[in-house]
Amino acid sequence: NQEEIARLQGFVDRFGAKTMGASQAQSRLKQIEKLEKDGPAAPQISDGPKPVLKLPRPPPGTPKELLTLRGADLRWENQLILGGVNLKVEKGMRIAVRGPNGAGKSTLLSGLSQKLPLAAGERIEGDNLAMGVFTQDLAQDLDQTARAVDVVTTAARDYDATISDETARSVLGALGLRQEKALRLVGHLSGGEKARVALASFVLIPHNFLLLDEPTNHLDAATVSTLVD
């Protein structure tokens with residue numbers, strides 16, 4: 001929290017030596033260092049044109065009730081994390097899941113995506129559900145030995161075999177991976193660039209249900225703004 005860091009630093013600067021004593025001032029500085037170490041990294045500022053992100057139209061036949069959990073229990077390593085969850089997601093809804101670390105946000109999303117099987121209760125999909133899942137770890141799960149453009153085409157062709165390399169490179173370019181960057185091995189890209197490769201793979205496939213788990217991790221400020229839009 002930059003405001004808290006600034007407040008503490010100012011407090012130490014103004015009053016540390018006079019009113020707090022050397023040991024208390026040092027304690028305050030250690031708190032500042034811990035906040036800086038444990039806090040999330042600020043998005044990087046990038047040069048060049050603002051990234052462009054255009055989602056495809058959802059597939060036809062989207063149901064009114066997309067997904068329902070009834071009395072769902074979610075366990076992780078045999079420990080109950082969330083119990084008796086009742087949740088209905090309908091067409092047109094936008095839901096934000098908030099809570100402190102360890103509250104079970106990712107557990108809930110894993111239950112919705114079926115990555116984590118329910119320990120009890122029901123998970124009911126609507127007809128023609130087309131779910132797209134973008135997780136905070138997706139960029140790290142990419143094939144590090146493949147070219148960025150090949151990662152995108154491989155993912156997209158599972159849905160549409162006609163998607164060309166040119167289409168994939170166009171999407172990568174719109175997200176800031178232009179020219180030779182689209183041809184680099186994923187393992188040679190930065191964390192933010194890997195995240196954009198994952199995002200390019202994600203946005204080429206039509207969905208009617210988007211599940212986003214901390215999708216802004218590793219992205220620069222301009223791409224975060226584009227994703228939010």
# chains A, B, ... in the order shown; residues from 1 in each chain; ligands from 1

$ select_by_dssp --residues "region 27-153 of chain A" --states "alpha helix (DSSP H)" --output "PyMOL selection string"
chain A and resi 27-38+105-113+148-153

$ residues_around --residues "Gly126 (chain A)" --least-positions-apart "3" --cutoff "12 Å" --atoms "only C-alpha atoms" --output "PyMOL selection string"
chain A and resi 61-69+88-91+123+129-131+208-209

$ select_by_dssp --residues "region 6-217 of chain A" --states "strand (DSSP E)" --output "ChimeraX atom specification"
/A:65-76,79-90,120-125,131-134,209-212

$ residues_around --residues "Pro206 (chain A)" --least-positions-apart "6" --cutoff "12 Å" --atoms "only C-alpha atoms" --output "list in words"
Lys54, Leu55, Pro56, Arg57, Pro58, Pro59, Pro60, Thr62, Asn128, Leu129, Ala130, Met131, Gly132, Val133, Ala156, Asp158, Tyr159 and Asp160 of chain A

$ write_last_selection --atoms "N, CA, C and O atoms" --output "mmCIF file, in the first residue's frame"
data_model
loop_
_atom_site.group_PDB
_atom_site.id
_atom_site.type_symbol
_atom_site.label_atom_id
_atom_site.label_comp_id
_atom_site.auth_asym_id
_atom_site.auth_seq_id
_atom_site.Cartn_x
_atom_site.Cartn_y
_atom_site.Cartn_z
ATOM 1 N N LYS A 54 -9.933 -7.316 -28.481
ATOM 2 C CA LYS A 54 -11.292 -7.436 -28.990
ATOM 3 C C LYS A 54 -11.751 -8.875 -28.847
ATOM 4 O O LYS A 54 -11.215 -9.777 -29.490
ATOM 5 N N LEU A 55 -12.740 -9.085 -27.997
ATOM 6 C CA LEU A 55 -13.258 -10.433 -27.785
ATOM 7 C C LEU A 55 -14.191 -10.829 -28.928
ATOM 8 O O LEU A 55 -14.947 -9.997 -29.430
ATOM 9 N N PRO A 56 -14.145 -12.104 -29.351
ATOM 10 C CA PRO A 56 -15.085 -12.550 -30.386
ATOM 11 C C PRO A 56 -16.505 -12.609 -29.843
ATOM 12 O O PRO A 56 -16.720 -12.664 -28.630
ATOM 13 N N ARG A 57 -17.468 -12.589 -30.736
ATOM 14 C CA ARG A 57 -18.865 -12.695 -30.325
ATOM 15 C C ARG A 57 -19.096 -14.057 -29.678
ATOM 16 O O ARG A 57 -18.534 -15.064 -30.111
ATOM 17 N N PRO A 58 -19.914 -14.116 -28.633
ATOM 18 C CA PRO A 58 -20.202 -15.410 -28.006
ATOM 19 C C PRO A 58 -20.880 -16.354 -28.993
ATOM 20 O O PRO A 58 -21.522 -15.907 -29.952
ATOM 21 N N PRO A 59 -20.724 -17.653 -28.791
ATOM 22 C CA PRO A 59 -21.411 -18.610 -29.666
ATOM 23 C C PRO A 59 -22.924 -18.474 -29.511
ATOM 24 O O PRO A 59 -23.408 -18.011 -28.471
ATOM 25 N N PRO A 60 -23.688 -18.856 -30.529
ATOM 26 C CA PRO A 60 -25.152 -18.735 -30.438
ATOM 27 C C PRO A 60 -25.737 -19.695 -29.403
ATOM 28 O O PRO A 60 -25.107 -20.683 -29.025
ATOM 29 N N THR A 62 -26.717 -19.017 -26.198
ATOM 30 C CA THR A 62 -26.307 -18.844 -24.811
ATOM 31 C C THR A 62 -27.516 -18.967 -23.885
ATOM 32 O O THR A 62 -28.506 -18.271 -24.063
ATOM 33 N N ASN A 128 -25.253 -25.419 -23.844
ATOM 34 C CA ASN A 128 -24.376 -24.603 -24.712
ATOM 35 C C ASN A 128 -23.437 -23.689 -23.919
ATOM 36 O O ASN A 128 -23.001 -22.660 -24.437
ATOM 37 N N LEU A 129 -23.123 -24.068 -22.678
ATOM 38 C CA LEU A 129 -22.132 -23.302 -21.916
ATOM 39 C C LEU A 129 -20.776 -23.394 -22.621
ATOM 40 O O LEU A 129 -20.311 -24.477 -22.966
ATOM 41 N N ALA A 130 -20.149 -22.247 -22.851
ATOM 42 C CA ALA A 130 -18.806 -22.192 -23.441
ATOM 43 C C ALA A 130 -17.929 -21.357 -22.513
ATOM 44 O O ALA A 130 -17.869 -20.137 -22.635
ATOM 45 N N MET A 131 -17.280 -22.023 -21.572
ATOM 46 C CA MET A 131 -16.534 -21.337 -20.528
ATOM 47 C C MET A 131 -15.086 -21.097 -20.947
ATOM 48 O O MET A 131 -14.412 -21.996 -21.449
ATOM 49 N N GLY A 132 -14.619 -19.885 -20.709
ATOM 50 C CA GLY A 132 -13.210 -19.550 -20.881
ATOM 51 C C GLY A 132 -12.608 -19.235 -19.530
ATOM 52 O O GLY A 132 -13.143 -18.430 -18.779
ATOM 53 N N VAL A 133 -11.499 -19.903 -19.202
ATOM 54 C CA VAL A 133 -10.868 -19.746 -17.897
ATOM 55 C C VAL A 133 -9.484 -19.125 -18.079
ATOM 56 O O VAL A 133 -8.639 -19.675 -18.788
ATOM 57 N N ALA A 156 -5.858 -22.026 -30.273
ATOM 58 C CA ALA A 156 -7.023 -21.575 -31.033
ATOM 59 C C ALA A 156 -7.538 -22.644 -31.990
ATOM 60 O O ALA A 156 -8.749 -22.751 -32.226
ATOM 61 N N ASP A 158 -7.682 -25.765 -31.592
ATOM 62 C CA ASP A 158 -8.515 -26.773 -30.933
ATOM 63 C C ASP A 158 -9.988 -26.414 -31.091
ATOM 64 O O ASP A 158 -10.856 -27.282 -31.050
ATOM 65 N N TYR A 159 -10.249 -25.118 -31.284
ATOM 66 C CA TYR A 159 -11.623 -24.661 -31.506
ATOM 67 C C TYR A 159 -11.921 -24.471 -32.986
ATOM 68 O O TYR A 159 -12.965 -24.882 -33.479
ATOM 69 N N ASP A 160 -10.987 -23.854 -33.712
ATOM 70 C CA ASP A 160 -11.185 -23.539 -35.128
ATOM 71 C C ASP A 160 -9.904 -23.863 -35.890
ATOM 72 O O ASP A 160 -8.911 -23.127 -35.797
#

$ residues_around --residues "Gly192 (chain A)" --least-positions-apart "6" --cutoff "9 Å" --atoms "only C-alpha atoms" --output "list in words"
Gln44, Ala139, Asn217, His218, Leu219 and Asp220 of chain A

$ closest_residue --among "A:Ser190, A:Val203, A:Ser164, A:Thr135" --to "Ser110 (chain A)" --atoms "only C-alpha atoms"
A:Thr135

$ closest_atom_pairs --of "region 110-156 of chain A" --to "region 193-202 of chain A" --cutoff "12 Å" --atoms "only C-alpha atoms" --output "tab-separated table"
residue	atom	partner	partner_atom	distance
A:Met131	CA	A:Phe202	CA	10.8
A:Gly132	CA	A:Phe202	CA	7.2
A:Val133	CA	A:Phe202	CA	8.0
A:Phe134	CA	A:Phe202	CA	7.2
A:Thr135	CA	A:Ala198	CA	9.6
A:Gln136	CA	A:Ala195	CA	8.8
A:Asp137	CA	A:Ala195	CA	9.0
A:Leu138	CA	A:Ala198	CA	6.5
A:Ala139	CA	A:Ala195	CA	4.8
A:Gln140	CA	A:Lys194	CA	7.5
A:Asp141	CA	A:Ala198	CA	9.1
A:Leu142	CA	A:Ala198	CA	7.5
A:Asp143	CA	A:Lys194	CA	10.3
A:Gln144	CA	A:Lys194	CA	9.3
A:Ala146	CA	A:Val197	CA	11.3
A:Arg147	CA	A:Val197	CA	9.9
A:Ala148	CA	A:Val197	CA	6.3
A:Val149	CA	A:Val197	CA	8.0
A:Asp150	CA	A:Ser201	CA	9.8
A:Val151	CA	A:Ser201	CA	7.3
A:Val152	CA	A:Ser201	CA	4.5
A:Thr153	CA	A:Ser201	CA	7.4
A:Thr154	CA	A:Ser201	CA	8.5
A:Ala155	CA	A:Ser201	CA	5.9
A:Ala156	CA	A:Ser201	CA	6.3

$ closest_residue --among "A:Ile163, A:Val85, A:Ala72, A:Ile95" --to "Ala119 (chain A)" --atoms "only C-alpha atoms"
A:Ala72

$ residues_around --residues "Leu80 (chain A)" --least-positions-apart "3" --cutoff "12 Å" --atoms "only C-alpha atoms" --output "compact mmCIF listing (two decimals) with N, CA, C and O atoms, in the first residue's frame"
# COMPACT_ATOMS: atom_id res chain seq x y z
N ALA A 72 -22.77 -26.59 -2.43
CA ALA A 72 -21.45 -27.11 -2.81
C ALA A 72 -20.44 -26.98 -1.67
O ALA A 72 -20.31 -25.92 -1.05
N ASP A 73 -19.75 -28.09 -1.40
CA ASP A 73 -18.61 -28.08 -0.49
C ASP A 73 -17.33 -28.18 -1.32
O ASP A 73 -17.24 -29.01 -2.24
N LEU A 74 -16.36 -27.33 -1.00
CA LEU A 74 -15.09 -27.33 -1.72
C LEU A 74 -13.96 -27.57 -0.72
O LEU A 74 -13.79 -26.81 0.25
N ARG A 75 -13.21 -28.64 -0.97
CA ARG A 75 -12.12 -29.02 -0.08
C ARG A 75 -10.80 -28.93 -0.82
O ARG A 75 -10.73 -29.18 -2.03
N TRP A 76 -9.76 -28.59 -0.08
CA TRP A 76 -8.40 -28.56 -0.63
C TRP A 76 -7.52 -29.35 0.32
O TRP A 76 -7.40 -29.02 1.49
N GLU A 77 -6.92 -30.43 -0.21
CA GLU A 77 -6.11 -31.34 0.59
C GLU A 77 -6.89 -31.79 1.82
O GLU A 77 -6.39 -31.78 2.96
N GLY A 83 -18.09 -24.14 2.38
CA GLY A 83 -19.15 -25.12 2.58
C GLY A 83 -20.53 -24.55 2.28
O GLY A 83 -20.82 -23.38 2.54
N GLY A 84 -21.37 -25.39 1.68
CA GLY A 84 -22.76 -25.02 1.43
C GLY A 84 -22.92 -23.85 0.49
O GLY A 84 -23.81 -23.00 0.67
N VAL A 85 -22.09 -23.79 -0.56
CA VAL A 85 -22.13 -22.66 -1.49
C VAL A 85 -23.35 -22.77 -2.41
O VAL A 85 -23.55 -23.80 -3.07
N ALA A 103 -8.93 -16.59 1.74
CA ALA A 103 -10.37 -16.63 1.99
C ALA A 103 -11.09 -17.67 1.13
O ALA A 103 -12.22 -18.04 1.43
N GLY A 104 -10.44 -18.11 0.05
CA GLY A 104 -11.05 -19.14 -0.80
C GLY A 104 -11.51 -18.65 -2.15
O GLY A 104 -12.31 -19.32 -2.82
N THR A 107 -10.28 -21.00 -4.81
CA THR A 107 -10.97 -22.28 -4.58
C THR A 107 -12.37 -22.23 -5.19
O THR A 107 -12.82 -23.19 -5.84
N LEU A 108 -13.07 -21.12 -4.97
CA LEU A 108 -14.41 -20.97 -5.54
C LEU A 108 -14.36 -21.02 -7.06
O LEU A 108 -15.16 -21.72 -7.70
N LEU A 118 -16.29 -31.03 -6.74
CA LEU A 118 -17.04 -30.76 -5.51
C LEU A 118 -16.93 -31.95 -4.56
O LEU A 118 -17.01 -33.10 -4.98
N ALA A 119 -16.78 -31.63 -3.27
CA ALA A 119 -16.80 -32.69 -2.25
C ALA A 119 -18.23 -33.07 -1.91
O ALA A 119 -18.50 -34.18 -1.43
N ALA A 120 -19.16 -32.15 -2.14
CA ALA A 120 -20.59 -32.40 -1.92
C ALA A 120 -21.37 -31.35 -2.69
O ALA A 120 -20.82 -30.32 -3.08

$ closest_residue --among "A:Gly71, A:Ser23, A:Leu82, A:Glu166" --to "Gln179 (chain A)" --atoms "only C-alpha atoms"
A:Glu166

$ atom_distance --atom1 "CA of Leu189 (chain A)" --atom2 "CA of Leu175 (chain A)"
13.9 Å

$ closest_residue --among "A:Pro215, A:Gly111, A:Gly99, A:Pro117" --to "Leu87 (chain A)" --atoms "only C-alpha atoms"
A:Gly111

$ atom_distance --atom1 "CA of Pro49 (chain A)" --atom2 "CA of Gly176 (chain A)"
7.8 Å

$ atom_distance --atom1 "CA of Leu204 (chain A)" --atom2 "CA of Leu227 (chain A)"
14.3 Å

$ closest_residue --among "A:Lys34, A:Thr145, A:Thr223, A:Arg98" --to "His188 (chain A)" --atoms "only C-alpha atoms"
A:Thr145

$ decode --residues "region 187-220 of chain A" --atoms "N, CA, C and O atoms" --output "PDB file, in the first residue's frame"
ATOM      1  N   GLY A 187       9.937 -19.078 -23.505  1.00  0.00           N
ATOM      2  CA  GLY A 187      10.897 -19.032 -22.411  1.00  0.00           C
ATOM      3  C   GLY A 187      11.825 -17.844 -22.453  1.00  0.00           C
ATOM      4  O   GLY A 187      12.473 -17.522 -21.446  1.00  0.00           O
ATOM      5  N   HIS A 188      11.906 -17.163 -23.602  1.00  0.00           N
ATOM      6  CA  HIS A 188      12.767 -15.993 -23.740  1.00  0.00           C
ATOM      7  C   HIS A 188      12.011 -14.682 -23.545  1.00  0.00           C
ATOM      8  O   HIS A 188      12.596 -13.616 -23.685  1.00  0.00           O
ATOM      9  N   LEU A 189      10.727 -14.783 -23.220  1.00  0.00           N
ATOM     10  CA  LEU A 189       9.906 -13.585 -23.018  1.00  0.00           C
ATOM     11  C   LEU A 189       9.861 -13.216 -21.541  1.00  0.00           C
ATOM     12  O   LEU A 189      10.070 -14.064 -20.660  1.00  0.00           O
ATOM     13  N   SER A 190       9.555 -11.964 -21.266  1.00  0.00           N
ATOM     14  CA  SER A 190       9.392 -11.505 -19.881  1.00  0.00           C
ATOM     15  C   SER A 190       8.066 -12.030 -19.328  1.00  0.00           C
ATOM     16  O   SER A 190       7.217 -12.552 -20.061  1.00  0.00           O
ATOM     17  N   GLY A 191       7.876 -11.867 -18.015  1.00  0.00           N
ATOM     18  CA  GLY A 191       6.628 -12.306 -17.397  1.00  0.00           C
ATOM     19  C   GLY A 191       5.415 -11.622 -17.993  1.00  0.00           C
ATOM     20  O   GLY A 191       4.388 -12.260 -18.246  1.00  0.00           O
ATOM     21  N   GLY A 192       5.528 -10.318 -18.240  1.00  0.00           N
ATOM     22  CA  GLY A 192       4.411  -9.586 -18.829  1.00  0.00           C
ATOM     23  C   GLY A 192       4.125 -10.020 -20.250  1.00  0.00           C
ATOM     24  O   GLY A 192       2.967 -10.098 -20.667  1.00  0.00           O
ATOM     25  N   GLU A 193       5.184 -10.320 -21.013  1.00  0.00           N
ATOM     26  CA  GLU A 193       4.998 -10.771 -22.398  1.00  0.00           C
ATOM     27  C   GLU A 193       4.365 -12.156 -22.435  1.00  0.00           C
ATOM     28  O   GLU A 193       3.517 -12.445 -23.281  1.00  0.00           O
ATOM     29  N   LYS A 194       4.760 -13.023 -21.511  1.00  0.00           N
ATOM     30  CA  LYS A 194       4.125 -14.350 -21.429  1.00  0.00           C
ATOM     31  C   LYS A 194       2.636 -14.218 -21.115  1.00  0.00           C
ATOM     32  O   LYS A 194       1.804 -14.947 -21.670  1.00  0.00           O
ATOM     33  N   ALA A 195       2.311 -13.288 -20.219  1.00  0.00           N
ATOM     34  CA  ALA A 195       0.903 -13.076 -19.879  1.00  0.00           C
ATOM     35  C   ALA A 195       0.106 -12.645 -21.102  1.00  0.00           C
ATOM     36  O   ALA A 195      -1.045 -13.038 -21.287  1.00  0.00           O
ATOM     37  N   ARG A 196       0.727 -11.840 -21.972  1.00  0.00           N
ATOM     38  CA  ARG A 196       0.026 -11.391 -23.178  1.00  0.00           C
ATOM     39  C   ARG A 196      -0.122 -12.526 -24.195  1.00  0.00           C
ATOM     40  O   ARG A 196      -1.099 -12.567 -24.942  1.00  0.00           O
ATOM     41  N   VAL A 197       0.840 -13.451 -24.228  1.00  0.00           N
ATOM     42  CA  VAL A 197       0.682 -14.640 -25.084  1.00  0.00           C
ATOM     43  C   VAL A 197      -0.509 -15.459 -24.605  1.00  0.00           C
ATOM     44  O   VAL A 197      -1.350 -15.900 -25.404  1.00  0.00           O
ATOM     45  N   ALA A 198      -0.592 -15.664 -23.303  1.00  0.00           N
ATOM     46  CA  ALA A 198      -1.727 -16.403 -22.741  1.00  0.00           C
ATOM     47  C   ALA A 198      -3.036 -15.692 -23.039  1.00  0.00           C
ATOM     48  O   ALA A 198      -4.050 -16.323 -23.371  1.00  0.00           O
ATOM     49  N   LEU A 199      -3.033 -14.371 -22.944  1.00  0.00           N
ATOM     50  CA  LEU A 199      -4.238 -13.590 -23.212  1.00  0.00           C
ATOM     51  C   LEU A 199      -4.637 -13.705 -24.678  1.00  0.00           C
ATOM     52  O   LEU A 199      -5.829 -13.830 -25.006  1.00  0.00           O
ATOM     53  N   ALA A 200      -3.648 -13.692 -25.584  1.00  0.00           N
ATOM     54  CA  ALA A 200      -3.939 -13.822 -27.011  1.00  0.00           C
ATOM     55  C   ALA A 200      -4.567 -15.182 -27.312  1.00  0.00           C
ATOM     56  O   ALA A 200      -5.499 -15.296 -28.118  1.00  0.00           O
ATOM     57  N   SER A 201      -4.072 -16.234 -26.671  1.00  0.00           N
ATOM     58  CA  SER A 201      -4.649 -17.565 -26.856  1.00  0.00           C
ATOM     59  C   SER A 201      -6.090 -17.599 -26.380  1.00  0.00           C
ATOM     60  O   SER A 201      -6.962 -18.223 -26.990  1.00  0.00           O
ATOM     61  N   PHE A 202      -6.333 -16.900 -25.282  1.00  0.00           N
ATOM     62  CA  PHE A 202      -7.647 -16.896 -24.649  1.00  0.00           C
ATOM     63  C   PHE A 202      -8.690 -16.170 -25.490  1.00  0.00           C
ATOM     64  O   PHE A 202      -9.824 -16.620 -25.630  1.00  0.00           O
ATOM     65  N   VAL A 203      -8.306 -15.033 -26.077  1.00  0.00           N
ATOM     66  CA  VAL A 203      -9.309 -14.171 -26.711  1.00  0.00           C
ATOM     67  C   VAL A 203      -9.652 -14.581 -28.139  1.00  0.00           C
ATOM     68  O   VAL A 203     -10.564 -14.014 -28.725  1.00  0.00           O
ATOM     69  N   LEU A 204      -8.964 -15.553 -28.696  1.00  0.00           N
ATOM     70  CA  LEU A 204      -9.307 -15.989 -30.050  1.00  0.00           C
ATOM     71  C   LEU A 204     -10.474 -16.979 -30.079  1.00  0.00           C
ATOM     72  O   LEU A 204     -10.996 -17.286 -31.144  1.00  0.00           O
ATOM     73  N   ILE A 205     -10.869 -17.464 -28.925  1.00  0.00           N
ATOM     74  CA  ILE A 205     -11.914 -18.491 -28.861  1.00  0.00           C
ATOM     75  C   ILE A 205     -13.194 -17.874 -28.293  1.00  0.00           C
ATOM     76  O   ILE A 205     -13.158 -17.256 -27.217  1.00  0.00           O
ATOM     77  N   PRO A 206     -14.334 -18.012 -28.971  1.00  0.00           N
ATOM     78  CA  PRO A 206     -15.589 -17.443 -28.454  1.00  0.00           C
ATOM     79  C   PRO A 206     -16.050 -18.137 -27.169  1.00  0.00           C
ATOM     80  O   PRO A 206     -16.005 -19.362 -27.061  1.00  0.00           O
ATOM     81  N   HIS A 207     -16.463 -17.352 -26.193  1.00  0.00           N
ATOM     82  CA  HIS A 207     -17.004 -17.873 -24.939  1.00  0.00           C
ATOM     83  C   HIS A 207     -18.285 -17.115 -24.596  1.00  0.00           C
ATOM     84  O   HIS A 207     -18.495 -15.999 -25.058  1.00  0.00           O
ATOM     85  N   ASN A 208     -19.107 -17.732 -23.766  1.00  0.00           N
ATOM     86  CA  ASN A 208     -20.254 -17.007 -23.220  1.00  0.00           C
ATOM     87  C   ASN A 208     -20.187 -16.917 -21.699  1.00  0.00           C
ATOM     88  O   ASN A 208     -21.108 -16.430 -21.048  1.00  0.00           O
ATOM     89  N   PHE A 209     -19.075 -17.405 -21.129  1.00  0.00           N
ATOM     90  CA  PHE A 209     -18.843 -17.335 -19.694  1.00  0.00           C
ATOM     91  C   PHE A 209     -17.340 -17.158 -19.506  1.00  0.00           C
ATOM     92  O   PHE A 209     -16.557 -18.014 -19.893  1.00  0.00           O
ATOM     93  N   LEU A 210     -16.942 -16.032 -18.935  1.00  0.00           N
ATOM     94  CA  LEU A 210     -15.520 -15.759 -18.704  1.00  0.00           C
ATOM     95  C   LEU A 210     -15.227 -15.842 -17.212  1.00  0.00           C
ATOM     96  O   LEU A 210     -15.894 -15.199 -16.408  1.00  0.00           O
ATOM     97  N   LEU A 211     -14.227 -16.637 -16.874  1.00  0.00           N
ATOM     98  CA  LEU A 211     -13.810 -16.810 -15.490  1.00  0.00           C
ATOM     99  C   LEU A 211     -12.374 -16.316 -15.387  1.00  0.00           C
ATOM    100  O   LEU A 211     -11.457 -16.918 -15.957  1.00  0.00           O
ATOM    101  N   LEU A 212     -12.160 -15.213 -14.692  1.00  0.00           N
ATOM    102  CA  LEU A 212     -10.853 -14.550 -14.652  1.00  0.00           C
ATOM    103  C   LEU A 212     -10.332 -14.533 -13.223  1.00  0.00           C
ATOM    104  O   LEU A 212     -10.928 -13.909 -12.350  1.00  0.00           O
ATOM    105  N   ASP A 213      -9.228 -15.225 -12.990  1.00  0.00           N
ATOM    106  CA  ASP A 213      -8.620 -15.291 -11.661  1.00  0.00           C
ATOM    107  C   ASP A 213      -7.333 -14.469 -11.666  1.00  0.00           C
ATOM    108  O   ASP A 213      -6.310 -14.898 -12.172  1.00  0.00           O
ATOM    109  N   GLU A 214      -7.397 -13.258 -11.113  1.00  0.00           N
ATOM    110  CA  GLU A 214      -6.263 -12.327 -11.071  1.00  0.00           C
ATOM    111  C   GLU A 214      -5.596 -12.183 -12.450  1.00  0.00           C
ATOM    112  O   GLU A 214      -4.394 -12.400 -12.596  1.00  0.00           O
ATOM    113  N   PRO A 215      -6.374 -11.793 -13.462  1.00  0.00           N
ATOM    114  CA  PRO A 215      -5.833 -11.766 -14.826  1.00  0.00           C
ATOM    115  C   PRO A 215      -4.831 -10.650 -15.073  1.00  0.00           C
ATOM    116  O   PRO A 215      -4.133 -10.672 -16.086  1.00  0.00           O
ATOM    117  N   THR A 216      -4.747  -9.665 -14.165  1.00  0.00           N
ATOM    118  CA  THR A 216      -3.851  -8.536 -14.411  1.00  0.00           C
ATOM    119  C   THR A 216      -2.426  -8.782 -13.908  1.00  0.00           C
ATOM    120  O   THR A 216      -1.560  -7.926 -14.085  1.00  0.00           O
ATOM    121  N   ASN A 217      -2.180  -9.938 -13.293  1.00  0.00           N
ATOM    122  CA  ASN A 217      -0.826 -10.234 -12.813  1.00  0.00           C
ATOM    123  C   ASN A 217       0.182 -10.146 -13.949  1.00  0.00           C
ATOM    124  O   ASN A 217      -0.032 -10.715 -15.030  1.00  0.00           O
ATOM    125  N   HIS A 218       1.287  -9.472 -13.712  1.00  0.00           N
ATOM    126  CA  HIS A 218       2.423  -9.358 -14.638  1.00  0.00           C
ATOM    127  C   HIS A 218       2.163  -8.440 -15.830  1.00  0.00           C
ATOM    128  O   HIS A 218       3.064  -8.230 -16.639  1.00  0.00           O
ATOM    129  N   LEU A 219       0.959  -7.914 -15.978  1.00  0.00           N
ATOM    130  CA  LEU A 219       0.670  -7.071 -17.138  1.00  0.00           C
ATOM    131  C   LEU A 219       1.120  -5.632 -16.875  1.00  0.00           C
ATOM    132  O   LEU A 219       1.095  -5.158 -15.741  1.00  0.00           O
ATOM    133  N   ASP A 220       1.516  -4.944 -17.945  1.00  0.00           N
ATOM    134  CA  ASP A 220       1.864  -3.536 -17.814  1.00  0.00           C
ATOM    135  C   ASP A 220       0.581  -2.715 -17.680  1.00  0.00           C
ATOM    136  O   ASP A 220      -0.527  -3.189 -17.924  1.00  0.00           O
TER     137      ASP A 220
END
